[in-house]
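Enquirer: Could you have a look at this structure, given as structure tokens, before my questions?
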Amino acid sequence: VPLWTATLIGLAVAIALSFVAPRRFRMPLAAAVLIVPLAYSLPSTIRHERAQARAQERLTSYERAFAPPIHWRDFTPNVRLLAGLREHVPPDATIQFRPGGTLFFESGWLRWEAFVLAPRRITTSEGVDTPWIVLIGESPAKAGMPATRIWRYGNDWLVLS
Amino acid sequence: MPHVIGAMLALATFAPLGVGTLLLCNAWRLAGGILRASLTVFVGLATAAVILPPLVYLNVSPTIPLVLLFGAVALAGGLALDRRRTPRPQRSAQFDLIGMIAIAAPVVLLAIDSFRDRVFAYDAIADWMFKAKLLYLNQPSRFAHPSILPPVHREYPIGLPALEAVVLHGAHGDFGAAQLLYATLLAGLALTIWCMLRPHVPPLVLAAGVSVVLWMPASRSAVNDYADVPLACFFVAGALLLGAWLADEAPGALPLGAVFLAAALSMKRDAITACVVIAVVVIAGAIVRQRSLRKLAIALAAVALSAVPWRIFLAVHHLHETDVGSSRLGANAAQLGWVIRTLGRYLLRREYLGVVPLAAAAALVMLIRGGPRLVAAGVLAVGLALLASLVFVYLNATAGVRYLVYTSGQRTLIPMVLLAAALLPLLVARALRPQR
């Protein structure tokens, strides 16, 4: 029986009983009607919350800080790059992302990056004057970019120009 | 643990503002003892949600000292005003032991789970938690800059990020601890329900009713993820207070209700339609019950005025609604049946515990059995009008009606669902024991 049907049946039974039950039993009947949906859902609600809390407790501090809470089917985020950006780029800096590969951004990943990196600003605008540049899927040599320092994270590079 | 204690202390700093607001609204005697003391934080959060956003628009980041400063001003003003008033004999709502247990148990469990949580949902990361982090890091206008990624919804009101930023200061930037804010908001709603309904409903029924609100899977799982639950907490509190003013002109209920509705408006733009519905129904009720329309007009005007800084901010930054227009009704009219069916189907989902059909059925029984007909008719009118307003909004979608309903339909129903759940104890009690 769907939960909403059970609650309506509970109300109907209570109303029917209220015609015959003594007056002092009517409020316990009302409370019983309200307990029907709780009885239906409470065990699974508590189980779900406990399972979620346990899953959170198993995360390492690195995962808690950097791993995105969203999973994508066709996109593997570069979590090491994100951790590297937070380690090397000063908080007041702007980071320019330059797409080099075929797949540039998953918008959800971009939002997670912005959230983790804030207050650092991230931008894809060409005209922004910043020494911090991230090359996606392209090396600085291939991009012909002069660099003071370079950090490599898989196929992506952080460049201090 | 220091982060959690810090977040709790930050939440406690809203209490003086709450006390000041209760005094200024002449609502100090609505509740007594522990109930009143517990309510002050929730009222303080509502007031802060109204007064902090205009400062953010002026490039001032919300901080704990700022909240304490506002609290001191409100407290001084409230005390001065309260001394001049002639005290009227009034029965204050009190806490019963069963109520304390019914509210404390689910809230404490939720709070313990909350502060272990990471920020989970896409909406939170993408929008209001991101803005809260910027406010916490003293970058109040950053989100308004169009060249900055990600392209967050800059047109949304900023009330929730402002509150979150204050709690983040106490939690030293720990987002898990700062999520105690949401458990506090749910607790505040439950306390308001207790305060408003206790004079009309026996404690046993009321305890079962607040348990439905606090154990509802939709409100518990979504409270950290969607701004709709905080919106619903303030909206439902406001609606209950306006209902109390209509029912028995409870002193202070009207201005305090206006504060809560204004706080709901500062959470999300979705509150606009909900507040309009409540305003229309309360005006109709005030005419029928012969309440002061002048007082009501002042309160509703204050609610509308609270949104003016936000609208000015939108105009100054040339920000516009992106997914809902105002002239799509004709083009989308053919979707009317589908939207109603889909929203109706959502309302029957397990996460909502069937509270809307139960509330509607109880109200109908009240009408038939001769309970307080105005209450029953008012509840049905509010429910139908809230649903109609949602349908109207969805039919004006510019991004595709079905896409918008699929992606947001379940959370936009939360204010209506929580209102139904809040009213259930009253409706079921009256349906079983009609009292004129």
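Numbering starts fresh at 1 for the residues of each chain in the structure tokens, the chains themselves are lettered A, B, ... in the order given, and ligands are numbered from 1 as they appear.
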At most 6 Å is the cut-off: for each residue in chain A with any atom that close to an atom of chain B, write down the nearest atom pair and the distance in Å rounded to one decimal, counting only C-alpha atoms, chain first then increasing number, as CSV.
Expert:
residue,atom,partner,partner_atom,distance
A:Trp4,CA,B:Gly354,CA,4.1
A:Leu8,CA,B:Leu358,CA,5.9
A:Ile15,CA,B:Leu432,CA,5.8
A:Ser18,CA,B:Leu432,CA,6.0
A:Ala30,CA,B:Ala429,CA,5.5
A:Ala31,CA,B:Val205,CA,4.5
A:Leu34,CA,B:Ala208,CA,5.9
A:Pro37,CA,B:Leu353,CA,5.6
A:Ala53,CA,B:Asp113,CA,5.9
A:Pro69,CA,B:Phe120,CA,5.5
A:Arg111,CA,B:Ala126,CA,5.4
A:Phe115,CA,B:Phe130,CA,5.4
A:Ile122,CA,B:Leu149,CA,5.7
A:Thr123,CA,B:Leu149,CA,5.6
Enquirer: The selected residues should be written to file as a short mmCIF file (atom, residue, chain, number, x, y, z; two decimals), in the first residue's frame (atoms: C-alpha atoms).
Expert:
data_model
loop_
_atom_site.label_atom_id
_atom_site.label_comp_id
_atom_site.auth_asym_id
_atom_site.auth_seq_id
_atom_site.Cartn_x
_atom_site.Cartn_y
_atom_site.Cartn_z
CA TRP A 4 -0.27 8.30 1.16
CA LEU A 8 -5.79 8.33 4.26
CA ILE A 15 -13.01 9.35 11.79
CA SER A 18 -14.57 9.03 16.50
CA ALA A 30 -5.66 11.97 16.13
CA ALA A 31 -2.10 11.32 17.30
CA LEU A 34 -0.18 11.29 12.48
CA PRO A 37 3.31 8.00 8.08
CA ALA A 53 27.04 9.38 7.78
CA PRO A 69 30.65 14.94 -4.48
CA ARG A 111 31.67 24.74 -10.19
CA PHE A 115 34.02 26.38 -4.77
CA ILE A 122 39.02 31.31 -12.19
CA THR A 123 38.37 32.54 -15.69
#
Enquirer: If we count only C-alpha atoms and set the cut-off at 10 Å, which residues sit around segment 62-79 of chain B, ignoring sequence neighbours fewer than 2 positions away in its own chain? Please answer as a ChimeraX atom specification.
Expert: /B:9-26,28,44-45,47-48,51-53,55-56,59-60,81-84,132,135-136,138,140,161-170
Enquirer: For His200 of chain B, which of B:Asp225, B:Gly6, B:Ala264, B:Ala244 is the closest residue, counting only C-alpha atoms?
Expert: B:Ala244
Enquirer: Assign secondary structure with DSSP using the backbone only, and return the residues of segment 48-152 of chain A in alpha helix (DSSP H) as a ChimeraX atom specification.
Expert: /A:48-57,61-66,79-88,107-117,140-143
Enquirer: Can you pull out the residues contacting Val89 of chain A? Cut-off 9 Å, using only C-alpha atoms, and skip same-chain residues under 6 positions away; I want them as a list in words.
Expert: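 Within the cut-off, the hits are Ile95, Arg120 and Trp132 of chain A.
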Enquirer: Could the residues in this selection be written to a file with N, CA, C and O atoms, as a compact mmCIF listing (two decimals), in the first residue's frame?
Expert:
# COMPACT_ATOMS: atom_id res chain seq x y z
N ILE A 95 43.19 32.60 -11.79
CA ILE A 95 43.74 31.48 -12.56
C ILE A 95 43.02 31.44 -13.91
O ILE A 95 41.79 31.41 -13.96
N ARG A 120 40.29 32.36 -4.74
CA ARG A 120 40.99 32.50 -6.02
C ARG A 120 39.93 32.57 -7.10
O ARG A 120 38.94 31.84 -7.05
N TRP A 132 49.15 33.09 -13.56
CA TRP A 132 48.78 31.70 -13.26
C TRP A 132 47.90 31.14 -14.36
O TRP A 132 46.77 31.59 -14.54
Enquirer: Quick one: residues within 7 Å of segment 379-387 of chain B, only C-alpha atoms counted, chain neighbours fewer than 2 positions away excluded, as number ranges by chain?
Expert: B: 274, 277-278, 281, 360, 363, 375-377, 389-391, 416
Enquirer: Residues near Val13 of chain A, anyone? I mean within 12 Å using only C-alpha atoms, not counting same-chain ones fewer than 5 positions away, as a list in words.
Expert: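 Counting only C-alpha atoms, the residues come to Ala6, Thr7, Leu8, Ser18, Phe19, Val20, Ala21, Arg26, Leu29, Ala30, Ala32, Val33 and Val36 of chain A; Leu432 of chain B.
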Enquirer: Output the selection as an mmCIF file, in the first residue's frame - N, CA, C and O atoms for each residue.
Expert:
data_model
loop_
_atom_site.group_PDB
_atom_site.id
_atom_site.type_symbol
_atom_site.label_atom_id
_atom_site.label_comp_id
_atom_site.auth_asym_id
_atom_site.auth_seq_id
_atom_site.Cartn_x
_atom_site.Cartn_y
_atom_site.Cartn_z
ATOM 1 N N ALA A 6 -2.099 4.750 2.845
ATOM 2 C CA ALA A 6 -2.156 4.268 4.228
ATOM 3 C C ALA A 6 -2.561 5.399 5.175
ATOM 4 O O ALA A 6 -3.349 5.190 6.105
ATOM 5 N N THR A 7 -2.023 6.609 4.930
ATOM 6 C CA THR A 7 -2.374 7.729 5.823
ATOM 7 C C THR A 7 -3.860 8.077 5.690
ATOM 8 O O THR A 7 -4.525 8.368 6.686
ATOM 9 N N LEU A 8 -4.362 8.019 4.451
ATOM 10 C CA LEU A 8 -5.791 8.333 4.258
ATOM 11 C C LEU A 8 -6.674 7.251 4.884
ATOM 12 O O LEU A 8 -7.716 7.567 5.471
ATOM 13 N N SER A 18 -14.250 7.837 15.700
ATOM 14 C CA SER A 18 -14.570 9.030 16.502
ATOM 15 C C SER A 18 -16.078 9.171 16.738
ATOM 16 O O SER A 18 -16.507 9.864 17.645
ATOM 17 N N PHE A 19 -16.888 8.503 15.889
ATOM 18 C CA PHE A 19 -18.341 8.568 16.089
ATOM 19 C C PHE A 19 -18.783 7.693 17.263
ATOM 20 O O PHE A 19 -19.806 7.953 17.875
ATOM 21 N N VAL A 20 -18.003 6.633 17.523
ATOM 22 C CA VAL A 20 -18.416 5.692 18.580
ATOM 23 C C VAL A 20 -17.528 5.775 19.829
ATOM 24 O O VAL A 20 -17.959 5.432 20.923
ATOM 25 N N ALA A 21 -16.289 6.224 19.659
ATOM 26 C CA ALA A 21 -15.352 6.237 20.792
ATOM 27 C C ALA A 21 -15.718 7.357 21.766
ATOM 28 O O ALA A 21 -16.232 8.403 21.348
ATOM 29 N N ARG A 26 -10.515 10.602 21.514
ATOM 30 C CA ARG A 26 -10.408 11.179 20.166
ATOM 31 C C ARG A 26 -9.032 11.786 19.900
ATOM 32 O O ARG A 26 -8.530 11.711 18.785
ATOM 33 N N LEU A 29 -6.555 9.187 19.157
ATOM 34 C CA LEU A 29 -6.821 8.734 17.782
ATOM 35 C C LEU A 29 -6.164 9.674 16.769
ATOM 36 O O LEU A 29 -5.567 9.229 15.781
ATOM 37 N N ALA A 30 -6.275 10.975 17.042
ATOM 38 C CA ALA A 30 -5.657 11.967 16.133
ATOM 39 C C ALA A 30 -4.145 11.774 16.089
ATOM 40 O O ALA A 30 -3.530 11.818 15.015
ATOM 41 N N ALA A 32 -2.600 9.039 16.634
ATOM 42 C CA ALA A 32 -2.330 7.773 15.925
ATOM 43 C C ALA A 32 -2.343 7.992 14.410
ATOM 44 O O ALA A 32 -1.532 7.418 13.684
ATOM 45 N N VAL A 33 -3.268 8.845 13.944
ATOM 46 C CA VAL A 33 -3.324 9.136 12.498
ATOM 47 C C VAL A 33 -1.996 9.738 12.035
ATOM 48 O O VAL A 33 -1.468 9.400 10.975
ATOM 49 N N VAL A 36 0.963 7.223 11.691
ATOM 50 C CA VAL A 36 0.972 6.261 10.573
ATOM 51 C C VAL A 36 2.112 6.543 9.577
ATOM 52 O O VAL A 36 2.920 5.656 9.285
ATOM 53 N N LEU B 432 -11.485 15.208 13.933
ATOM 54 C CA LEU B 432 -11.989 14.150 14.822
ATOM 55 C C LEU B 432 -12.855 14.702 15.950
ATOM 56 O O LEU B 432 -13.698 13.993 16.492
#
Enquirer: Report the distance between atom CA of Ile98 of chain B and atom CA of Leu39 of chain B in Å, rounded to one decimal place.
Expert: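 Interatomic distance here is 17.3 Å.
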Enquirer: What is the atom CA of Gln94 of chain B to atom CA of Ser219 of chain B distance in Å?
Expert: 25.2 Å
